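structure.txt (compact mmCIF, C-alpha atoms)
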# COMPACT_ATOMS: atom_id res chain seq x y z
CA MET Y 1 72.20 41.40 48.85
CA ASN Y 2 70.42 41.86 52.15
CA THR Y 3 67.75 39.65 53.60
CA GLY Y 4 66.12 42.50 55.44
CA ARG Y 5 66.08 40.38 58.60
CA THR Y 6 66.93 41.97 61.92
CA ASP Y 7 67.58 40.71 65.42
CA GLY Y 8 63.88 40.97 66.11
CA ARG Y 9 64.19 43.10 69.23
CA SER Y 10 62.37 46.34 69.77
CA PRO Y 11 63.69 49.11 72.02
CA ALA Y 12 60.89 48.45 74.48
CA VAL Y 13 61.68 44.75 74.69
CA ALA Y 14 65.39 45.29 74.96
CA GLY Y 15 64.92 47.96 77.59
CA ARG Y 16 68.33 49.38 76.84
CA GLY Y 17 69.16 52.49 74.86
CA PRO Y 18 72.02 53.65 72.66
CA ALA Y 19 73.93 55.35 75.48
CA SER Y 20 74.13 52.22 77.62
CA MET Y 21 75.11 50.09 74.62
CA LEU Y 22 77.83 52.62 73.72
CA ALA Y 23 79.16 52.53 77.29
CA LEU Y 24 79.19 48.73 77.32
CA ALA Y 25 80.95 48.56 73.95
CA THR Y 26 83.57 51.11 75.02
CA LEU Y 27 84.22 49.17 78.21
CA GLY Y 28 84.67 45.99 76.19
CA PHE Y 29 87.08 47.74 73.85
CA ALA Y 30 89.15 48.99 76.80
CA VAL Y 31 89.25 45.63 78.61
CA ASN Y 32 90.25 43.68 75.50
CA PHE Y 33 92.88 46.25 74.54
CA TRP Y 34 94.21 46.04 78.09
CA ALA Y 35 94.73 42.31 77.53
CA TRP Y 36 96.08 42.84 74.00
CA ALA Y 37 98.86 45.11 75.30
CA LEU Y 38 100.06 42.97 78.22
CA LEU Y 39 103.31 41.81 76.63
CA SER Y 40 104.69 45.17 75.54
CA PRO Y 41 105.43 46.59 79.04
CA LEU Y 42 107.14 43.31 79.97
CA GLY Y 43 109.39 43.22 76.91
CA PRO Y 44 112.53 44.44 78.77
CA ARG Y 45 111.87 41.93 81.56
CA PHE Y 46 111.58 39.01 79.16
CA LYS Y 47 114.68 40.20 77.31
CA GLU Y 48 116.68 40.01 80.54
CA ILE Y 49 115.21 36.76 81.88
CA LEU Y 50 115.32 34.82 78.60
CA SER Y 51 118.46 36.53 77.20
CA LEU Y 52 116.59 37.71 74.12
CA SER Y 53 118.20 39.72 71.36
CA ALA Y 54 116.75 43.08 70.39
CA SER Y 55 115.11 41.54 67.32
CA GLN Y 56 113.57 38.73 69.37
CA GLN Y 57 112.17 41.26 71.84
CA ALA Y 58 110.73 43.28 68.98
CA LEU Y 59 109.16 40.13 67.48
CA LEU Y 60 107.61 39.22 70.82
CA VAL Y 61 105.94 42.62 71.14
CA ALA Y 62 104.96 42.76 67.48
CA VAL Y 63 103.18 39.38 67.16
CA PRO Y 64 99.99 40.32 69.11
CA VAL Y 65 99.80 43.65 67.25
CA ILE Y 66 100.09 42.04 63.82
CA VAL Y 67 97.55 39.31 64.62
CA GLY Y 68 95.20 41.82 66.21
CA SER Y 69 95.42 44.07 63.16
CA LEU Y 70 95.01 41.42 60.45
CA GLY Y 71 92.45 39.50 62.49
CA ARG Y 72 90.10 42.47 62.30
CA ILE Y 73 89.36 41.58 58.68
CA PRO Y 74 87.53 38.26 59.31
CA VAL Y 75 86.14 39.48 62.64
CA GLY Y 76 84.57 42.51 60.95
CA VAL Y 77 82.91 40.25 58.39
CA LEU Y 78 81.64 37.93 61.14
CA THR Y 79 80.27 40.91 63.07
CA ASP Y 80 78.19 41.96 60.07
CA ARG Y 81 76.64 38.50 60.17
CA PHE Y 82 76.31 37.68 63.86
CA GLY Y 83 76.27 41.12 65.53
CA GLY Y 84 78.12 42.60 68.46
CA ARG Y 85 75.87 40.87 70.99
CA VAL Y 86 77.52 37.57 70.03
CA MET Y 87 80.98 38.77 69.05
CA PHE Y 88 81.82 40.96 72.08
CA PRO Y 89 81.42 38.19 74.69
CA LEU Y 90 82.94 35.62 72.30
CA ILE Y 91 86.13 37.62 71.67
CA SER Y 92 86.44 38.41 75.38
CA ALA Y 93 85.98 34.78 76.43
CA VAL Y 94 88.43 33.43 73.84
CA THR Y 95 91.07 35.99 74.88
CA ILE Y 96 91.02 34.62 78.43
CA VAL Y 97 92.77 31.44 77.24
CA PRO Y 98 96.04 33.01 75.98
CA VAL Y 99 96.06 35.48 78.88
CA LEU Y 100 96.01 32.65 81.44
CA PHE Y 101 98.40 30.53 79.38
CA ILE Y 102 101.03 33.28 79.36
CA GLY Y 103 100.44 34.19 82.99
CA LEU Y 104 100.54 30.67 84.42
CA ALA Y 105 102.67 28.60 82.04
CA GLY Y 106 104.01 30.56 79.11
CA GLN Y 107 106.81 32.73 80.46
CA GLY Y 108 109.55 30.12 80.47
CA SER Y 109 110.59 30.29 76.82
CA LEU Y 110 110.41 32.53 73.78
CA ALA Y 111 108.48 29.85 71.84
CA ALA Y 112 105.75 29.69 74.50
CA LEU Y 113 105.51 33.47 74.64
CA LEU Y 114 105.20 33.69 70.85
CA VAL Y 115 102.41 31.10 70.82
CA GLY Y 116 100.62 32.89 73.63
CA GLY Y 117 101.19 36.27 71.99
CA PHE Y 118 99.78 35.00 68.69
CA PHE Y 119 96.46 34.09 70.30
CA LEU Y 120 96.59 37.15 72.55
CA GLY Y 121 96.23 39.12 69.32
CA ILE Y 122 92.58 38.03 69.23
CA GLY Y 123 91.83 40.69 71.83
CA GLY Y 124 92.96 43.38 69.38
CA THR Y 125 90.28 42.38 66.87
CA VAL Y 126 87.49 43.70 69.08
CA PHE Y 127 87.73 47.11 67.41
CA ALA Y 128 86.11 45.60 64.30
CA VAL Y 129 83.22 44.43 66.47
CA GLY Y 130 82.51 47.74 68.16
CA VAL Y 131 82.35 50.11 65.18
CA PRO Y 132 79.47 48.38 63.34
CA PHE Y 133 77.75 47.64 66.65
CA VAL Y 134 77.81 51.30 67.73
CA ASN Y 135 77.10 52.53 64.21
CA ALA Y 136 73.81 50.60 64.11
CA TRP Y 137 72.59 52.11 67.39
CA PHE Y 138 72.89 55.76 66.33
CA PRO Y 139 71.36 57.87 63.53
CA PRO Y 140 73.76 59.23 60.89
CA HIS Y 141 74.01 62.72 62.42
CA ARG Y 142 75.25 61.29 65.75
CA ARG Y 143 77.50 58.46 64.60
CA GLY Y 144 80.69 60.51 64.45
CA LEU Y 145 80.65 61.35 68.14
CA ALA Y 146 79.42 57.89 69.15
CA ILE Y 147 82.15 56.07 67.25
CA GLY Y 148 84.70 58.59 68.52
CA VAL Y 149 83.67 57.87 72.12
CA PHE Y 150 83.94 54.15 71.44
CA GLY Y 151 87.38 54.70 69.91
CA ALA Y 152 88.58 56.24 73.16
CA GLY Y 153 88.51 52.69 74.50
CA MET Y 154 91.95 52.31 72.91
CA GLY Y 155 93.05 53.91 76.17
CA GLY Y 156 92.93 50.35 77.53
CA THR Y 157 96.52 50.06 76.33
CA ALA Y 158 97.38 52.80 78.82
CA ILE Y 159 95.95 50.67 81.65
CA SER Y 160 98.36 47.94 80.69
CA ALA Y 161 101.29 50.33 80.38
CA LEU Y 162 100.64 51.85 83.80
CA THR Y 163 99.83 48.69 85.80
CA THR Y 164 101.50 45.60 84.32
CA VAL Y 165 105.08 46.08 85.55
CA ARG Y 166 103.93 47.31 88.96
CA LEU Y 167 101.65 44.29 89.41
CA VAL Y 168 104.49 41.93 88.50
CA GLU Y 169 106.79 43.64 91.01
CA SER Y 170 104.21 43.60 93.80
CA GLY Y 171 102.40 40.31 93.21
CA GLY Y 172 104.47 38.08 90.94
CA SER Y 173 104.73 37.33 87.25
CA ALA Y 174 101.21 35.88 86.95
CA THR Y 175 99.37 38.70 88.74
CA PRO Y 176 98.55 41.09 85.86
CA PHE Y 177 97.45 38.19 83.67
CA VAL Y 178 95.13 36.70 86.29
CA ILE Y 179 93.58 40.09 87.05
CA THR Y 180 93.05 40.79 83.35
CA ALA Y 181 91.52 37.33 82.82
CA ILE Y 182 89.05 38.02 85.63
CA ALA Y 183 88.14 41.37 84.06
CA LEU Y 184 87.61 39.67 80.68
CA ALA Y 185 85.45 36.95 82.25
CA LEU Y 186 83.29 39.47 84.08
CA TYR Y 187 82.85 41.51 80.92
CA ALA Y 188 82.00 38.44 78.83
CA VAL Y 189 79.23 37.48 81.26
CA VAL Y 190 77.82 41.00 81.59
CA SER Y 191 77.90 41.68 77.84
CA TRP Y 192 76.18 38.36 77.10
CA LEU Y 193 73.41 39.15 79.58
CA VAL Y 194 72.98 42.87 78.93
CA MET Y 195 74.17 43.69 75.42
CA ARG Y 196 71.65 43.84 72.57
CA ASP Y 197 72.08 44.50 68.87
CA ALA Y 198 70.28 47.56 67.54
CA PRO Y 199 66.67 47.08 66.41
CA GLY Y 200 66.49 46.96 62.63
CA ARG Y 201 70.11 45.85 62.21
CA THR Y 202 70.60 44.64 58.64
CA ILE Y 203 71.87 41.07 58.44
CA PRO Y 204 73.62 40.15 55.18
CA SER Y 205 72.81 36.85 53.50
CA GLN Y 206 75.90 36.48 51.32
CA PRO Y 207 78.62 33.97 52.28
CA LEU Y 208 81.61 35.35 54.15
CA ALA Y 209 84.00 35.15 51.19
CA ALA Y 210 81.53 36.85 48.85
CA ARG Y 211 80.93 39.68 51.32
CA LEU Y 212 84.65 40.20 51.84
CA ALA Y 213 85.20 40.30 48.08
CA ALA Y 214 82.39 42.83 47.70
CA THR Y 215 83.90 44.95 50.48
CA VAL Y 216 87.30 44.97 48.80
CA ARG Y 217 85.68 46.40 45.66
CA LEU Y 218 84.16 49.35 47.52
CA PRO Y 219 86.08 52.62 46.91
CA ILE Y 220 85.51 53.75 50.50
CA THR Y 221 87.37 50.68 51.76
CA TRP Y 222 90.71 51.58 50.22
CA GLN Y 223 90.28 55.32 50.63
CA ALA Y 224 89.59 54.94 54.35
CA CYS Y 225 92.49 52.47 54.62
CA VAL Y 226 94.86 55.20 53.40
CA LEU Y 227 93.36 57.84 55.71
CA TYR Y 228 93.49 55.59 58.75
CA ALA Y 229 96.97 54.26 57.98
CA VAL Y 230 98.25 57.85 58.12
CA ALA Y 231 96.12 59.08 61.05
CA PHE Y 232 96.00 56.09 63.39
CA GLY Y 233 99.23 54.64 62.01
CA GLY Y 234 100.94 57.92 62.83
CA TYR Y 235 99.55 57.78 66.37
CA VAL Y 236 100.74 54.19 66.83
CA ALA Y 237 104.17 55.03 65.42
CA PHE Y 238 104.72 57.98 67.74
CA SER Y 239 103.37 56.14 70.78
CA VAL Y 240 105.97 53.42 70.09
CA TYR Y 241 108.92 55.50 68.89
CA LEU Y 242 108.56 58.82 70.69
CA PRO Y 243 110.54 57.82 73.82
CA ALA Y 244 113.48 56.70 71.69
CA TYR Y 245 113.27 59.90 69.62
CA LEU Y 246 113.21 62.14 72.70
CA GLN Y 247 116.12 60.32 74.29
CA THR Y 248 118.22 60.48 71.12
CA ALA Y 249 117.31 63.95 69.84
CA TYR Y 250 117.03 65.75 73.18
CA GLY Y 251 118.96 63.59 75.64
CA LEU Y 252 116.02 63.01 77.99
CA GLU Y 253 116.06 60.36 80.68
CA GLN Y 254 113.95 57.25 80.04
CA ALA Y 255 111.33 58.13 82.65
CA ASP Y 256 110.96 61.71 81.39
CA ALA Y 257 110.62 60.51 77.79
CA ALA Y 258 108.02 57.92 78.82
CA ASN Y 259 105.96 60.53 80.67
CA ARG Y 260 105.96 62.82 77.63
CA MET Y 261 104.89 59.89 75.46
CA ALA Y 262 102.01 59.25 77.87
CA GLY Y 263 100.89 62.87 77.43
CA PHE Y 264 100.98 62.42 73.65
CA VAL Y 265 98.85 59.27 73.89
CA LEU Y 266 96.35 60.79 76.31
CA LEU Y 267 95.74 63.84 74.14
CA ALA Y 268 95.30 61.67 71.02
CA VAL Y 269 92.78 59.48 72.85
CA LEU Y 270 90.80 62.50 74.08
CA MET Y 271 90.76 64.07 70.62
CA ARG Y 272 89.29 60.99 68.96
CA PRO Y 273 85.72 61.70 70.19
CA ALA Y 274 86.31 65.38 69.36
CA GLY Y 275 87.10 64.42 65.76
CA GLY Y 276 83.89 62.45 65.59
CA TRP Y 277 81.86 65.27 67.14
CA LEU Y 278 83.25 67.81 64.69
CA SER Y 279 82.47 65.42 61.84
CA ASP Y 280 78.84 65.34 62.94
CA ARG Y 281 78.75 69.14 62.89
CA ILE Y 282 80.65 70.08 59.74
CA GLY Y 283 81.24 66.74 58.01
CA PRO Y 284 84.21 64.35 58.17
CA LEU Y 285 85.88 65.60 54.97
CA PRO Y 286 86.63 69.16 56.22
CA VAL Y 287 87.86 67.71 59.51
CA LEU Y 288 90.15 65.22 57.77
CA THR Y 289 91.53 67.87 55.42
CA ALA Y 290 92.32 70.19 58.33
CA VAL Y 291 93.82 67.34 60.35
CA PHE Y 292 96.32 66.33 57.69
CA VAL Y 293 97.30 69.92 56.90
CA VAL Y 294 97.92 70.62 60.60
CA ALA Y 295 99.91 67.39 60.98
CA ALA Y 296 102.02 68.36 57.95
CA VAL Y 297 102.82 71.80 59.36
CA ALA Y 298 103.71 70.37 62.78
CA ALA Y 299 105.92 67.65 61.28
CA ALA Y 300 107.69 70.16 59.04
CA ALA Y 301 108.36 72.42 62.04
CA GLN Y 302 109.68 69.51 64.10
CA SER Y 303 112.03 68.45 61.30
CA PHE Y 304 114.24 71.39 62.29
CA THR Y 305 114.55 69.91 65.84
CA PRO Y 306 113.54 73.09 67.66
CA ALA Y 307 114.06 73.54 71.39
CA LEU Y 308 111.90 71.06 73.28
CA MET Y 309 110.40 73.79 75.43
CA PRO Y 310 108.17 75.22 74.25
CA VAL Y 311 108.27 74.68 70.45
CA GLY Y 312 109.04 70.96 70.32
CA THR Y 313 106.42 70.17 72.93
CA ILE Y 314 103.82 72.24 71.08
CA THR Y 315 104.54 70.54 67.75
CA PHE Y 316 104.21 67.03 69.18
CA LEU Y 317 101.04 67.85 71.11
CA THR Y 318 99.62 69.44 67.95
CA MET Y 319 100.39 66.26 66.02
CA ALA Y 320 98.79 64.17 68.77
CA ALA Y 321 95.61 66.24 68.65
CA ALA Y 322 95.47 66.13 64.85
CA LEU Y 323 96.13 62.41 64.55
CA GLY Y 324 93.60 61.58 67.28
CA ALA Y 325 90.91 63.74 65.67
CA GLY Y 326 91.74 62.23 62.28
CA SER Y 327 91.26 58.72 63.62
CA GLY Y 328 87.78 59.64 64.86
CA ALA Y 329 86.86 61.46 61.66
CA THR Y 330 87.90 58.52 59.47
CA PHE Y 331 85.30 56.24 61.01
CA ALA Y 332 82.72 59.00 60.95
CA LEU Y 333 83.30 58.95 57.19
CA VAL Y 334 83.00 55.14 57.09
CA ALA Y 335 79.71 55.36 59.00
CA GLN Y 336 78.35 57.81 56.42
CA VAL Y 337 79.62 56.25 53.21
CA ALA Y 338 79.88 52.48 53.74
CA PRO Y 339 76.76 50.36 53.07
CA ALA Y 340 74.99 49.48 56.35
CA ASP Y 341 75.46 45.73 55.91
CA LYS Y 342 79.20 46.10 55.25
CA VAL Y 343 80.29 48.52 57.99
CA GLY Y 344 81.91 45.67 59.94
CA SER Y 345 83.72 44.35 56.89
CA VAL Y 346 85.00 47.80 55.93
CA THR Y 347 85.99 48.48 59.54
CA GLY Y 348 88.00 45.25 59.64
CA LEU Y 349 90.07 46.18 56.61
CA VAL Y 350 90.50 49.81 57.64
CA GLY Y 351 91.40 48.85 61.20
CA ALA Y 352 94.02 46.44 59.89
CA ALA Y 353 95.50 49.19 57.72
CA GLY Y 354 95.74 51.52 60.70
CA GLY Y 355 97.42 48.97 62.92
CA LEU Y 356 99.91 47.90 60.27
CA GLY Y 357 100.52 51.52 59.26
CA GLY Y 358 102.09 52.09 62.64
CA PHE Y 359 104.96 49.73 61.89
CA VAL Y 360 106.40 51.53 58.89
CA PRO Y 361 107.33 54.97 60.34
CA PRO Y 362 109.49 53.67 63.22
CA LEU Y 363 111.43 51.48 60.79
CA VAL Y 364 111.90 54.42 58.43
CA MET Y 365 112.90 56.78 61.25
CA GLY Y 366 115.39 54.28 62.63
CA PHE Y 367 116.93 53.69 59.20
CA ILE Y 368 117.19 57.42 58.44
CA TYR Y 369 118.78 58.20 61.80
CA GLY Y 370 121.27 55.37 61.36
CA ARG Y 371 122.15 56.62 57.88
CA PHE Y 372 122.21 60.39 58.41
CA GLY Y 373 122.43 60.87 62.19
CA SER Y 374 119.28 63.02 62.13
CA TYR Y 375 115.50 62.54 62.15
CA ALA Y 376 114.90 65.61 59.96
CA LEU Y 377 114.32 63.69 56.72
CA GLY Y 378 111.91 61.28 58.39
CA LEU Y 379 109.76 64.11 59.76
CA ALA Y 380 109.91 65.88 56.41
CA LEU Y 381 108.60 62.70 54.77
CA LEU Y 382 105.75 62.62 57.29
CA ALA Y 383 104.89 66.20 56.33
CA VAL Y 384 104.83 65.27 52.63
CA VAL Y 385 102.69 62.17 53.24
CA SER Y 386 100.24 64.23 55.33
CA LEU Y 387 99.92 66.84 52.56
CA LEU Y 388 99.36 64.14 49.95
CA THR Y 389 96.68 62.59 52.15
CA ALA Y 390 94.97 65.98 52.52
CA ALA Y 391 94.98 66.29 48.72
CA LEU Y 392 93.50 62.79 48.40
CA THR Y 393 90.77 63.75 50.85
CA THR Y 394 89.75 66.88 48.97
CA THR Y 395 89.69 65.17 45.57
CA VAL Y 396 89.18 61.40 45.28
CA VAL Y 397 87.54 60.81 48.65
CA ARG Y 398 85.29 63.85 48.31
CA ARG Y 399 84.04 62.76 44.87
CA ALA Y 400 83.31 59.24 46.13
CA ALA Y 401 81.40 60.59 49.14
CA LEU Y 402 79.32 62.88 46.93
CA ARG Y 403 78.49 59.97 44.60
CA ARG Y 404 77.40 57.88 47.58
CA ALA Y 405 75.23 60.72 48.92
CA ALA Y 406 73.59 61.15 45.51
CA ALA Y 407 72.94 57.42 45.18
CA VAL Y 408 71.47 57.07 48.68
CA PRO Y 409 69.49 60.23 49.57
CA GLY Y 410 69.57 61.05 53.27
CA SER Y 411 72.62 58.89 53.88

What's the structure tokens form of this structure?
Amino acid sequence: MNTGRTDGRSPAVAGRGPASMLALATLGFAVNFWAWALLSPLGPRFKEILSLSASQQALLVAVPVIVGSLGRIPVGVLTDRFGGRVMFPLISAVTIVPVLFIGLAGQGSLAALLVGGFFLGIGGTVFAVGVPFVNAWFPPHRRGLAIGVFGAGMGGTAISALTTVRLVESGGSATPFVITAIALALYAVVSWLVMRDAPGRTIPSQPLAARLAATVRLPITWQACVLYAVAFGGYVAFSVYLPAYLQTAYGLEQADAANRMAGFVLLAVLMRPAGGWLSDRIGPLPVLTAVFVVAAVAAAAQSFTPALMPVGTITFLTMAAALGAGSGATFALVAQVAPADKVGSVTGLVGAAGGLGGFVPPLVMGFIYGRFGSYALGLALLAVVSLLTAALTTTVVRRAALRRAAAVPGS
């Protein structure tokens, strides 16, 4: 049930349009994701300094990701209620605390790092703030591109990957954390002063638990969870595991493998707005179907471990483009099908599914390689999963979208 209340601001009073709000939201996404990813580049350093085992290092890197993924569920529900104008500066300000704790006092023990990493995960929840915020500012026929542009803010993790180790080497162990905390503080102040929720934003009146329960019952919630777990989860998995795969399967040096992984990530980030734009033009369902078919073909081709140049490179870049476009198209679908007052709640659950979906493939690939001495079966499984997801898109998801369109004309 909706109250019909809005934030009470008109465009004239706010004096700020959709484009500026989209830019501010994307900046906030990038800054918070920069903070969220600070521990990962320093994993090898902490392993050496604290004499961590491989499993302890993995746990250290995983904790912020898990918290950031699961935390999107309550944060999405809270965003439906309070709006991005409150939640963006709040998340940014709260994230400053664990960033400074780790930078100034938390690097002396694994326990301190795990505590800091747990709360650092709050920065990763900002995705569930931005999607409903941006969605409310744009009409249905422009939401795909807008949300895709916002999604490119996930490139903030690249900032961390490229700068954190260098800043530690040049300025000391606290330097990247202090700089990131300053960036978060500046953004929190600017967003509080400048950011405005969209005029006419629907504010739900139901209690948080009731709204979350209602969201869980929506078909689009679980359908989009599956789509995003495969698309974004696949991107996360390859961005984490690709260097190890390239070193093992092709004998590349660490630096060369890392550079190729960076190219994979960059292309996926750039294709996310493209997936949203295409969804605005031809609809998200055709885009998603094509994405998963292309990913299946590329994975099947790579399962034969072809020569890295040019076939292997082409297959991985094709998968990057497909998975990036699929991530953008999934939220274009959410924007079209989810009820307006539950976009944040749906986004929280779907975002959590995508983040957690990235953990399964590396574990499977590692197990398969250890058992069979080859990645072929793992890539073949990815091809099968992609084909099954394409079939789901053209059947179950399509029928649900058509029912929603019939129930809400003009949606």

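Between Y:Gly43 and the residues Y:Gly116, Y:Ala30, Y:Leu60, Y:Gly354, the shortest atom-to-atom distance, using all atoms listed in the file, involves Y:Leu60.
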
Quiz item: Skipping near chain neighbours, those fewer than 4 positions away, what residues fall within 6 Å of stretch 151-156 of chain Y using all atoms listed in the file, listed as a ChimeraX atom specification?
Solution: /Y:26,29-30,33-34,269

Self-check item: Residue nearest Y:Pro286 among Y:Ala329, Y:Ala35, Y:Leu186, Y:Ala353 (counting all atoms listed in the file)
Solution: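 Checking each of Y:Ala329, Y:Ala35, Y:Leu186, Y:Ala353 against Y:Pro286, counting all atoms listed in the file, the winner is Y:Ala329.
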
Find the residues near Y:Ser160: any atom within 12 Å, counting all atoms listed in the file, skip ones fewer than 4 places away on the same chain, and give them as a PDB file with C-alpha atoms, in the frame of the given file.
ATOM      1  CA  ALA Y  30      89.150  48.990  76.800  1.00  0.00           C
ATOM      2  CA  VAL Y  31      89.250  45.630  78.610  1.00  0.00           C
ATOM      3  CA  ASN Y  32      90.250  43.680  75.500  1.00  0.00           C
ATOM      4  CA  PHE Y  33      92.880  46.250  74.540  1.00  0.00           C
ATOM      5  CA  TRP Y  34      94.210  46.040  78.090  1.00  0.00           C
ATOM      6  CA  ALA Y  35      94.730  42.310  77.530  1.00  0.00           C
ATOM      7  CA  TRP Y  36      96.080  42.840  74.000  1.00  0.00           C
ATOM      8  CA  ALA Y  37      98.860  45.110  75.300  1.00  0.00           C
ATOM      9  CA  LEU Y  38     100.060  42.970  78.220  1.00  0.00           C
ATOM     10  CA  LEU Y  39     103.310  41.810  76.630  1.00  0.00           C
ATOM     11  CA  SER Y  40     104.690  45.170  75.540  1.00  0.00           C
ATOM     12  CA  PRO Y  41     105.430  46.590  79.040  1.00  0.00           C
ATOM     13  CA  LEU Y  42     107.140  43.310  79.970  1.00  0.00           C
ATOM     14  CA  MET Y 154      91.950  52.310  72.910  1.00  0.00           C
ATOM     15  CA  GLY Y 155      93.050  53.910  76.170  1.00  0.00           C
ATOM     16  CA  GLY Y 156      92.930  50.350  77.530  1.00  0.00           C
ATOM     17  CA  THR Y 164     101.500  45.600  84.320  1.00  0.00           C
ATOM     18  CA  VAL Y 165     105.080  46.080  85.550  1.00  0.00           C
ATOM     19  CA  ARG Y 166     103.930  47.310  88.960  1.00  0.00           C
ATOM     20  CA  LEU Y 167     101.650  44.290  89.410  1.00  0.00           C
ATOM     21  CA  VAL Y 168     104.490  41.930  88.500  1.00  0.00           C
ATOM     22  CA  PRO Y 176      98.550  41.090  85.860  1.00  0.00           C
ATOM     23  CA  PHE Y 177      97.450  38.190  83.670  1.00  0.00           C
ATOM     24  CA  ILE Y 179      93.580  40.090  87.050  1.00  0.00           C
ATOM     25  CA  THR Y 180      93.050  40.790  83.350  1.00  0.00           C
TER      26      THR Y 180
END

Within 10 Å of stretch 239-250 of chain Y: each stretch 333-361 of chain Y residue with its shortest pair, only C-alpha atoms, as a Markdown table:
| residue | atom | partner | partner_atom | distance |
| --- | --- | --- | --- | --- |
| Y:Gly358 | CA | Y:Val240 | CA | 8.5 |
| Y:Phe359 | CA | Y:Val240 | CA | 9.0 |
| Y:Pro361 | CA | Y:Tyr241 | CA | 8.7 |

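For the set Y:Ala290, Y:Ser279, Y:Met365, Y:Leu379, the residue with the smallest atom-to-atom gap to Y:Phe316 is Y:Leu379, counting all atoms listed in the file.
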
Quiz prompt | Contact residues around Y:Arg85 with all atoms listed in the file at 6 Å, ignoring same-chain residues under 2 positions, as a ChimeraX atom specification | solution = /Y:83,87,195-197

Practice problem: In Å, rounded to a single decimal, give me how far atom CA of Y:Ala322 is from atom CA of Y:Thr79. | Solution: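 Between these atoms lies a distance of 29.5 Å.
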
Exercise. Could you please determine the separation between atom CA of Y:Leu267 and atom CA of Y:Val385 in Å, to one decimal place?
Key: 22.1 Å

Self-check item: Pick from Y:Val334, Y:Leu59, Y:Ala383, Y:Leu52 nearest to Y:Cys225, counting all atoms listed in the file
Solution: Y:Val334

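Note that the spacing between atom CA of Y:Ile122 and atom CA of Y:Pro64 amounts to 7.8 Å.
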
Self-check item: Counting all atoms listed in the file, the option among Y:Leu278, Y:Ala321, Y:Gly251, Y:Ala258 closest to Y:Ala307
Solution: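 Nearest to Y:Ala307: Y:Gly251.
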
Exercise. Considering all atoms listed in the file, state which residue in the set Y:Ala58, Y:Val126, Y:Ala214, Y:Val178 is at the smallest distance from Y:Leu110.
Key: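 Checking each of Y:Ala58, Y:Val126, Y:Ala214, Y:Val178 against Y:Leu110, counting all atoms listed in the file, the winner is Y:Ala58.
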
Quiz item: Got a sec: who's within 12 Å of Y:Val190, counting only C-alpha atoms, leaving out chain neighbours fewer than 3 positions off, as an MDAnalysis selection string?
Solution: chainID Y and resid 21 24:25 27:28 85 88:90 92:93 183:187 193:196

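Omitting Y:Leu382 and its sequence neighbours fewer than 3 positions away, and counting all atoms listed in the file, the residues within 8 Å are Ala296, Ala299, Ala300, Gly378, Leu379, Val385 and Ser386 of chain Y.
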
N, CA, C and O atoms are needed for stretch 135-143 of chain Y; please write them out as a short mmCIF file (atom, residue, chain, number, x, y, z; two decimals), in the coordinates of the input.
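part.cif, written as the output of this step:
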data_model
loop_
_atom_site.label_atom_id
_atom_site.label_comp_id
_atom_site.auth_asym_id
_atom_site.auth_seq_id
_atom_site.Cartn_x
_atom_site.Cartn_y
_atom_site.Cartn_z
N ASN Y 135 77.65 51.87 65.39
CA ASN Y 135 77.10 52.53 64.21
C ASN Y 135 75.61 52.24 64.05
O ASN Y 135 74.81 53.12 63.72
N ALA Y 136 75.20 50.99 64.29
CA ALA Y 136 73.81 50.60 64.11
C ALA Y 136 72.88 51.20 65.15
O ALA Y 136 71.67 51.33 64.92
N TRP Y 137 73.43 51.58 66.31
CA TRP Y 137 72.59 52.11 67.39
C TRP Y 137 72.29 53.60 67.25
O TRP Y 137 71.41 54.12 67.94
N PHE Y 138 73.02 54.30 66.38
CA PHE Y 138 72.89 55.76 66.33
C PHE Y 138 72.49 56.22 64.93
O PHE Y 138 72.91 55.63 63.93
N PRO Y 139 71.72 57.30 64.84
CA PRO Y 139 71.36 57.87 63.53
C PRO Y 139 72.59 58.52 62.90
O PRO Y 139 73.57 58.84 63.59
N PRO Y 140 72.57 58.72 61.58
CA PRO Y 140 73.76 59.23 60.89
C PRO Y 140 74.34 60.50 61.47
O PRO Y 140 75.57 60.66 61.54
N HIS Y 141 73.49 61.43 61.95
CA HIS Y 141 74.01 62.72 62.42
C HIS Y 141 74.66 62.63 63.80
O HIS Y 141 75.22 63.62 64.28
N ARG Y 142 74.61 61.45 64.44
CA ARG Y 142 75.25 61.29 65.75
C ARG Y 142 76.33 60.21 65.77
O ARG Y 142 76.96 59.97 66.79
N ARG Y 143 76.57 59.59 64.62
CA ARG Y 143 77.50 58.46 64.60
C ARG Y 143 78.95 58.89 64.79
O ARG Y 143 79.76 58.15 65.36
#
